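Colleague: Take this structure, written in structure tokens, and hold onto it; I'll ask about it next.
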Amino acid sequence: MNNVVLRLSNVKKTYRSGDEGSLPVLQGVDFTLHAGELVALVAPSGTGKSTLLHLAGLLDTPDEGDIEIAGQNTRGLADAGRTALRRDQIGFVYQFHHLLAEFTAQENVMLPQMIAGVRKAEARVKAQHLLGQFGLAHRVKHLPGKLSGGEQQRVAIARALANNPVLLLADEPTGNLDVRTADAVFDELLNAVRGQGLAALVATHNEELLARMDRVMTLRDGKLVERVQP
Ligand SMILES: Nc1ncnc2c1ncn2[C@@H]1O[C@H](COP(=O)(O)OP(=O)(O)OP(=O)(O)O)[C@@H](O)[C@H]1O
């Protein structure tokens with residue numbers, strides 16, 4: 001298939017620290033994610049979900065194996081190439097929003113676009129459109145500190161989508177929200193992902209949200225395997 005957005009082949013990662021020796025976390029992960037696919041990653045704490053998302057998002061490099069994003073193998077890619085791929089093809093959503101406190105919601109969504117070379121006026125229009133899509137048209141000029149937790153996370157999702165990525169990586173995107181807000185925000189996230197035909201890999205502990213995903217994967221013995229749904 002030629003619409004592979006993310007491919008991990010035999011990806012291995014071991015953390016080494018002086019006193020405690022080495023901790024093998026990923027031990028040969030194979031995984032393929034296609035455009036339009038929504039996949040959940042559900043596994044016990046400490047099994048390597050964040051490690052996997054960091055590698056897939058080119059925030060870290062594996063000890064072994066290949067990571068391909070939108071048809072490009074990233075092995076041996078120089079920092080500038082990794083940064084460009086990350087900026088142009090990948091959107092991230094974290095448990096804690098990481099919005100810039102001194103910038104408005106709109107400016108937070110404009111920023112990654114302007115870093116990518118989009119003109120300010122165009123970036124503003126896109127930011128307003130995206131924020132409107134997440135029900136925040138009346139909040140565009142607010143600083144993050146003046147927004148509710150759910151609103152902050154919606155801004156973070158809008159920011160992740162701002163450069164039209166092909167791949168969305170989310171690490172517990174609603175883990176910091178109360179159940180009702182989490183449900184609503186997750187729904188909006190999935191709608192946006194489906195609407196734009198993105199591929200998404202979402203680590204979550206929220207079992208109730210899994211029915212809305214195409215596949216549920218888990219980490220077992222350092223490998224990624226499909227979890228059979230009860
Ligand atoms: N930079 C690091 N250096 C050393 N060990 C690390 C590092 N990052 C993670 N680890 C260890 O690797 C293991 C996997 O961590 P990771 O954060 O990927 O797990 P996780 O499945 O995302 O956990 P959680 O659900 O609690 O967020 C853990 O035992 C963690 O302590």
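As shown in the structure tokens, the chain order sets the letters A, B, ...; within each chain, residues go from 1, and ligands are also counted from 1 in the order they appear.
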Find the residues near Ala184 (chain A): any atom within 12 Å, counting only C-alpha atoms, skip ones fewer than 2 places away on the same chain, and give them as JSON, numbers by chain.
Modeller: {"A": [134, 135, 150, 151, 153, 154, 173, 174, 177, 178, 179, 180, 181, 182, 186, 187, 188, 189, 190, 191, 209]}
Colleague: Would you write out those residues with C-alpha atoms, as a PDB file, in the first residue's frame?
Modeller:
ATOM      1  CA  PHE A 134     -13.166  23.449  18.306  1.00  0.00           C
ATOM      2  CA  GLY A 135     -15.868  25.819  19.543  1.00  0.00           C
ATOM      3  CA  GLY A 150     -10.741  21.465  28.253  1.00  0.00           C
ATOM      4  CA  GLU A 151     -10.386  24.706  26.305  1.00  0.00           C
ATOM      5  CA  GLN A 153      -6.438  21.161  25.408  1.00  0.00           C
ATOM      6  CA  ARG A 154      -8.623  22.119  22.433  1.00  0.00           C
ATOM      7  CA  PRO A 173      -4.438  13.784  25.323  1.00  0.00           C
ATOM      8  CA  THR A 174      -7.328  13.844  27.764  1.00  0.00           C
ATOM      9  CA  LEU A 177      -9.371  16.322  32.198  1.00  0.00           C
ATOM     10  CA  ASP A 178     -12.484  15.266  34.076  1.00  0.00           C
ATOM     11  CA  VAL A 179     -14.426  12.408  32.526  1.00  0.00           C
ATOM     12  CA  ARG A 180     -17.099  14.458  30.760  1.00  0.00           C
ATOM     13  CA  THR A 181     -14.683  17.006  29.365  1.00  0.00           C
ATOM     14  CA  ALA A 182     -12.296  14.232  28.339  1.00  0.00           C
ATOM     15  CA  PHE A 186     -11.594  13.216  22.601  1.00  0.00           C
ATOM     16  CA  ASP A 187     -14.642  13.195  20.347  1.00  0.00           C
ATOM     17  CA  GLU A 188     -13.621  16.488  18.788  1.00  0.00           C
ATOM     18  CA  LEU A 189     -10.086  15.233  18.331  1.00  0.00           C
ATOM     19  CA  LEU A 190     -11.327  12.110  16.543  1.00  0.00           C
ATOM     20  CA  ASN A 191     -13.746  14.102  14.382  1.00  0.00           C
ATOM     21  CA  LEU A 209     -12.856   5.710  24.224  1.00  0.00           C
TER      22      LEU A 209
END
Colleague: So that I can see what lies close to Arg75 (chain A), please list as a CSV table (one decimal) with N, CA and C atoms, in the first residue's frame the residues with an atom at most 9 Å from it, counting only C-alpha atoms and leaving out residues fewer than 6 positions away in the same chain.
Modeller:
chain,number,residue,atom,x,y,z
A,61,THR,N,16.0,9.0,19.0
A,61,THR,CA,16.3,8.0,17.9
A,61,THR,C,16.4,6.6,18.5
A,65,GLY,N,16.8,-0.3,14.1
A,65,GLY,CA,15.5,-0.3,13.4
A,65,GLY,C,15.3,0.9,12.6
A,66,ASP,N,14.2,0.9,11.9
A,66,ASP,CA,13.9,2.0,10.9
A,66,ASP,C,12.6,2.7,11.3
A,67,ILE,N,12.5,4.0,11.1
A,67,ILE,CA,11.3,4.7,11.3
A,67,ILE,C,11.1,5.5,10.0
A,68,GLU,N,9.9,5.2,9.4
A,68,GLU,CA,9.6,5.9,8.1
A,68,GLU,C,8.4,6.8,8.3
Colleague: May I have the residues within 10 Å of ligand 1, computed using only C-alpha atoms and all ligand atoms, as a count of residues only?
Modeller: 36
Colleague: Please report, as a JSON list (two decimals) with N, CA and C atoms, in the first residue's frame, each residue of chain A to which DSSP assigns strand (DSSP E or B) when run on this structure's backbone.
Modeller:
[["chain", "number", "residue", "atom", "x", "y", "z"],
["A", 4, "VAL", "N", 1.11, 4.64, 3.34],
["A", 4, "VAL", "CA", 1.67, 4.41, 4.67],
["A", 4, "VAL", "C", 2.18, 5.74, 5.22],
["A", 5, "VAL", "N", 1.71, 6.09, 6.39],
["A", 5, "VAL", "CA", 2.11, 7.36, 7.00],
["A", 5, "VAL", "C", 3.26, 7.14, 7.99],
["A", 6, "LEU", "N", 3.18, 6.02, 8.70],
["A", 6, "LEU", "CA", 4.21, 5.71, 9.68],
["A", 6, "LEU", "C", 4.53, 4.22, 9.61],
["A", 7, "ARG", "N", 5.82, 3.93, 9.50],
["A", 7, "ARG", "CA", 6.21, 2.53, 9.54],
["A", 7, "ARG", "C", 7.41, 2.38, 10.48],
["A", 8, "LEU", "N", 7.22, 1.48, 11.45],
["A", 8, "LEU", "CA", 8.32, 1.16, 12.36],
["A", 8, "LEU", "C", 8.74, -0.27, 12.05],
["A", 9, "SER", "N", 10.05, -0.46, 11.85],
["A", 9, "SER", "CA", 10.55, -1.80, 11.55],
["A", 9, "SER", "C", 11.66, -2.17, 12.52],
["A", 10, "ASN", "N", 11.39, -3.20, 13.31],
["A", 10, "ASN", "CA", 12.38, -3.73, 14.26],
["A", 10, "ASN", "C", 12.99, -2.64, 15.13],
["A", 11, "VAL", "N", 12.14, -1.75, 15.64],
["A", 11, "VAL", "CA", 12.63, -0.62, 16.44],
["A", 11, "VAL", "C", 12.96, -1.07, 17.86],
["A", 12, "LYS", "N", 14.18, -0.77, 18.27],
["A", 12, "LYS", "CA", 14.64, -1.15, 19.61],
["A", 12, "LYS", "C", 15.15, 0.07, 20.36],
["A", 13, "LYS", "N", 14.84, 0.11, 21.66],
["A", 13, "LYS", "CA", 15.34, 1.20, 22.49],
["A", 13, "LYS", "C", 15.61, 0.69, 23.90],
["A", 14, "THR", "N", 16.82, 0.90, 24.35],
["A", 14, "THR", "CA", 17.21, 0.55, 25.71],
["A", 14, "THR", "C", 17.73, 1.81, 26.39],
["A", 15, "TYR", "N", 17.23, 2.06, 27.61],
["A", 15, "TYR", "CA", 17.77, 3.19, 28.38],
["A", 15, "TYR", "C", 18.92, 2.67, 29.22],
["A", 16, "ARG", "N", 19.99, 3.42, 29.22],
["A", 16, "ARG", "CA", 21.16, 3.02, 30.01],
["A", 16, "ARG", "C", 21.46, 4.09, 31.04],
["A", 17, "SER", "N", 21.58, 3.67, 32.29],
["A", 17, "SER", "CA", 22.03, 4.64, 33.29],
["A", 17, "SER", "C", 23.09, 3.96, 34.14],
["A", 21, "GLY", "N", 22.17, 0.05, 35.48],
["A", 21, "GLY", "CA", 22.36, -0.82, 34.34],
["A", 21, "GLY", "C", 21.47, -0.40, 33.20],
["A", 22, "SER", "N", 21.05, -1.37, 32.40],
["A", 22, "SER", "CA", 20.27, -1.00, 31.22],
["A", 22, "SER", "C", 18.85, -1.53, 31.31],
["A", 23, "LEU", "N", 17.95, -0.76, 30.74],
["A", 23, "LEU", "CA", 16.53, -1.11, 30.76],
["A", 23, "LEU", "C", 16.03, -1.21, 29.32],
["A", 24, "PRO", "N", 15.89, -2.44, 28.82],
["A", 24, "PRO", "CA", 15.36, -2.57, 27.46],
["A", 24, "PRO", "C", 13.87, -2.28, 27.48],
["A", 25, "VAL", "N", 13.44, -1.29, 26.71],
["A", 25, "VAL", "CA", 12.02, -0.90, 26.71],
["A", 25, "VAL", "C", 11.34, -1.42, 25.44],
["A", 26, "LEU", "N", 11.85, -1.03, 24.30],
["A", 26, "LEU", "CA", 11.29, -1.52, 23.04],
["A", 26, "LEU", "C", 12.26, -2.55, 22.45],
["A", 27, "GLN", "N", 11.72, -3.71, 22.10],
["A", 27, "GLN", "CA", 12.60, -4.82, 21.73],
["A", 27, "GLN", "C", 12.23, -5.40, 20.37],
["A", 28, "GLY", "N", 12.05, -4.54, 19.42],
["A", 28, "GLY", "CA", 11.73, -5.02, 18.08],
["A", 28, "GLY", "C", 10.30, -4.71, 17.72],
["A", 29, "VAL", "N", 9.98, -3.42, 17.68],
["A", 29, "VAL", "CA", 8.61, -3.00, 17.36],
["A", 29, "VAL", "C", 8.44, -2.92, 15.84],
["A", 30, "ASP", "N", 7.41, -3.60, 15.36],
["A", 30, "ASP", "CA", 7.01, -3.51, 13.95],
["A", 30, "ASP", "C", 5.59, -2.97, 13.92],
["A", 31, "PHE", "N", 5.38, -1.95, 13.10],
["A", 31, "PHE", "CA", 4.05, -1.33, 13.11],
["A", 31, "PHE", "C", 3.87, -0.50, 11.85],
["A", 32, "THR", "N", 2.69, -0.59, 11.26],
["A", 32, "THR", "CA", 2.40, 0.22, 10.08],
["A", 32, "THR", "C", 1.08, 0.94, 10.29],
["A", 33, "LEU", "N", 1.08, 2.23, 10.01],
["A", 33, "LEU", "CA", -0.11, 3.05, 10.17],
["A", 33, "LEU", "C", -0.41, 3.74, 8.83],
["A", 34, "HIS", "N", -1.65, 3.57, 8.37],
["A", 34, "HIS", "CA", -2.02, 4.13, 7.07],
["A", 34, "HIS", "C", -2.82, 5.42, 7.23],
["A", 38, "LEU", "N", -7.02, 5.32, 12.72],
["A", 38, "LEU", "CA", -6.94, 5.80, 14.10],
["A", 38, "LEU", "C", -6.62, 4.63, 15.01],
["A", 39, "VAL", "N", -5.48, 4.68, 15.64],
["A", 39, "VAL", "CA", -5.04, 3.54, 16.44],
["A", 39, "VAL", "C", -4.76, 3.98, 17.87],
["A", 40, "ALA", "N", -5.29, 3.22, 18.81],
["A", 40, "ALA", "CA", -5.03, 3.49, 20.23],
["A", 40, "ALA", "C", -3.86, 2.64, 20.70],
["A", 41, "LEU", "N", -3.12, 3.18, 21.63],
["A", 41, "LEU", "CA", -2.02, 2.45, 22.26],
["A", 41, "LEU", "C", -2.34, 2.38, 23.75],
["A", 64, "GLU", "N", 18.19, 0.69, 17.29],
["A", 64, "GLU", "CA", 18.18, -0.14, 16.07],
["A", 64, "GLU", "C", 16.85, 0.04, 15.38],
["A", 65, "GLY", "N", 16.80, -0.33, 14.12],
["A", 65, "GLY", "CA", 15.53, -0.33, 13.41],
["A", 65, "GLY", "C", 15.31, 0.92, 12.58],
["A", 66, "ASP", "N", 14.21, 0.92, 11.86],
["A", 66, "ASP", "CA", 13.90, 2.01, 10.93],
["A", 66, "ASP", "C", 12.57, 2.66, 11.26],
["A", 67, "ILE", "N", 12.54, 3.96, 11.08],
["A", 67, "ILE", "CA", 11.31, 4.72, 11.25],
["A", 67, "ILE", "C", 11.08, 5.51, 9.97],
["A", 68, "GLU", "N", 9.94, 5.23, 9.36],
["A", 68, "GLU", "CA", 9.62, 5.86, 8.09],
["A", 68, "GLU", "C", 8.40, 6.75, 8.30],
["A", 69, "ILE", "N", 8.51, 8.01, 7.88],
["A", 69, "ILE", "CA", 7.39, 8.94, 8.00],
["A", 69, "ILE", "C", 7.03, 9.39, 6.58],
["A", 72, "GLN", "N", 9.38, 8.47, 3.90],
["A", 72, "GLN", "CA", 10.80, 8.82, 4.02],
["A", 72, "GLN", "C", 11.42, 8.09, 5.20],
["A", 73, "ASN", "N", 12.46, 7.33, 4.92],
["A", 73, "ASN", "CA", 13.17, 6.66, 6.01],
["A", 73, "ASN", "C", 14.02, 7.69, 6.74],
["A", 90, "ILE", "N", 4.06, 16.12, 11.20],
["A", 90, "ILE", "CA", 3.63, 15.51, 12.46],
["A", 90, "ILE", "C", 3.03, 16.56, 13.39],
["A", 91, "GLY", "N", 1.89, 16.21, 13.98],
["A", 91, "GLY", "CA", 1.31, 17.04, 15.04],
["A", 91, "GLY", "C", 1.36, 16.27, 16.35],
["A", 92, "PHE", "N", 1.63, 16.98, 17.43],
["A", 92, "PHE", "CA", 1.71, 16.34, 18.75],
["A", 92, "PHE", "C", 0.67, 16.92, 19.69],
["A", 93, "VAL", "N", 0.07, 16.04, 20.48],
["A", 93, "VAL", "CA", -0.76, 16.51, 21.59],
["A", 93, "VAL", "C", -0.30, 15.75, 22.83],
["A", 167, "LEU", "N", 0.32, 12.98, 10.17],
["A", 167, "LEU", "CA", 0.36, 12.07, 11.32],
["A", 167, "LEU", "C", 0.12, 12.86, 12.60],
["A", 168, "LEU", "N", -0.83, 12.39, 13.41],
["A", 168, "LEU", "CA", -1.05, 12.99, 14.72],
["A", 168, "LEU", "C", -0.63, 11.98, 15.79],
["A", 169, "LEU", "N", 0.24, 12.41, 16.69],
["A", 169, "LEU", "CA", 0.66, 11.57, 17.80],
["A", 169, "LEU", "C", 0.16, 12.21, 19.08],
["A", 170, "ALA", "N", -0.53, 11.43, 19.89],
["A", 170, "ALA", "CA", -1.09, 12.00, 21.11],
["A", 170, "ALA", "C", -0.77, 11.10, 22.29],
["A", 171, "ASP", "N", -0.26, 11.72, 23.34],
["A", 171, "ASP", "CA", 0.13, 10.99, 24.54],
["A", 171, "ASP", "C", -0.81, 11.38, 25.68],
["A", 199, "ALA", "N", -3.67, 10.16, 9.90],
["A", 199, "ALA", "CA", -3.41, 8.95, 10.66],
["A", 199, "ALA", "C", -3.12, 9.40, 12.09],
["A", 200, "ALA", "N", -3.61, 8.63, 13.06],
["A", 200, "ALA", "CA", -3.35, 9.03, 14.44],
["A", 200, "ALA", "C", -2.99, 7.83, 15.30],
["A", 201, "LEU", "N", -2.02, 8.05, 16.15],
["A", 201, "LEU", "CA", -1.63, 7.05, 17.15],
["A", 201, "LEU", "C", -1.78, 7.73, 18.51],
["A", 202, "VAL", "N", -2.69, 7.18, 19.32],
["A", 202, "VAL", "CA", -3.09, 7.86, 20.55],
["A", 202, "VAL", "C", -2.89, 6.94, 21.75],
["A", 203, "ALA", "N", -1.97, 7.30, 22.64],
["A", 203, "ALA", "CA", -1.81, 6.55, 23.88],
["A", 203, "ALA", "C", -2.86, 7.03, 24.86],
["A", 215, "ARG", "N", -8.18, 0.40, 15.62],
["A", 215, "ARG", "CA", -7.41, -0.72, 16.18],
["A", 215, "ARG", "C", -6.92, -0.33, 17.56],
["A", 216, "VAL", "N", -6.73, -1.32, 18.39],
["A", 216, "VAL", "CA", -6.14, -1.07, 19.70],
["A", 216, "VAL", "C", -4.88, -1.92, 19.81],
["A", 217, "MET", "N", -3.77, -1.26, 20.02],
["A", 217, "MET", "CA", -2.49, -1.96, 20.14],
["A", 217, "MET", "C", -2.03, -1.91, 21.58],
["A", 218, "THR", "N", -1.22, -2.88, 21.95],
["A", 218, "THR", "CA", -0.62, -2.85, 23.28],
["A", 218, "THR", "C", 0.84, -3.26, 23.17],
["A", 219, "LEU", "N", 1.60, -2.97, 24.22],
["A", 219, "LEU", "CA", 3.01, -3.36, 24.24],
["A", 219, "LEU", "C", 3.15, -4.61, 25.11],
["A", 220, "ARG", "N", 3.73, -5.62, 24.53],
["A", 220, "ARG", "CA", 3.95, -6.86, 25.29],
["A", 220, "ARG", "C", 5.39, -7.30, 25.04],
["A", 223, "LYS", "N", 7.23, -5.45, 22.48],
["A", 223, "LYS", "CA", 6.76, -5.45, 21.10],
["A", 223, "LYS", "C", 5.33, -4.93, 21.04],
["A", 224, "LEU", "N", 4.99, -4.38, 19.89],
["A", 224, "LEU", "CA", 3.65, -3.84, 19.72],
["A", 224, "LEU", "C", 2.76, -4.92, 19.10],
["A", 225, "VAL", "N", 1.68, -5.26, 19.80],
["A", 225, "VAL", "CA", 0.78, -6.30, 19.30],
["A", 225, "VAL", "C", -0.66, -5.80, 19.36],
["A", 226, "GLU", "N", -1.49, -6.31, 18.49],
["A", 226, "GLU", "CA", -2.89, -5.90, 18.50],
["A", 226, "GLU", "C", -3.57, -6.52, 19.72]]
Colleague: Measuring between only C-alpha atoms, which one of A:Val109, A:Ala192, A:Ser148, A:Tyr94 shows the shortest distance to Gln133 (chain A)?
Modeller: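 Among the listed residues, the smallest separation from Gln133 (chain A) belongs to A:Ala192.
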Colleague: Between CA of Met110 (chain A) and CA of Ala123 (chain A), what is the distance in Å, rounded to a tenth?
Modeller: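 Those two atoms sit 5.1 Å apart.
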Colleague: Quick one: pick out all alpha helix (DSSP H) residues within region 22-195 of chain A from a backbone DSSP run and write them as a ChimeraX atom specification.
Modeller: /A:49-56,79-89,105-115,120-133,149-161,179-195
Colleague: I need the residue nearest Gly132 (chain A) from this list: A:Leu100, A:Ala105, A:Pro112, A:Glu208. Use only C-alpha atoms for the distance.
Modeller: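 Looking only at the distances to Gly132 (chain A), the closest residue turns out to be A:Ala105.
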Colleague: Need the shell around Ile115 (chain A): protein/DNA/RNA residues with any atom at most 12 Å away, counting only C-alpha atoms. Skip same-chain ones fewer than 6 positions apart. Format as number ranges by chain?
Modeller: A: 83-84, 86-88, 107-109, 123, 162-163
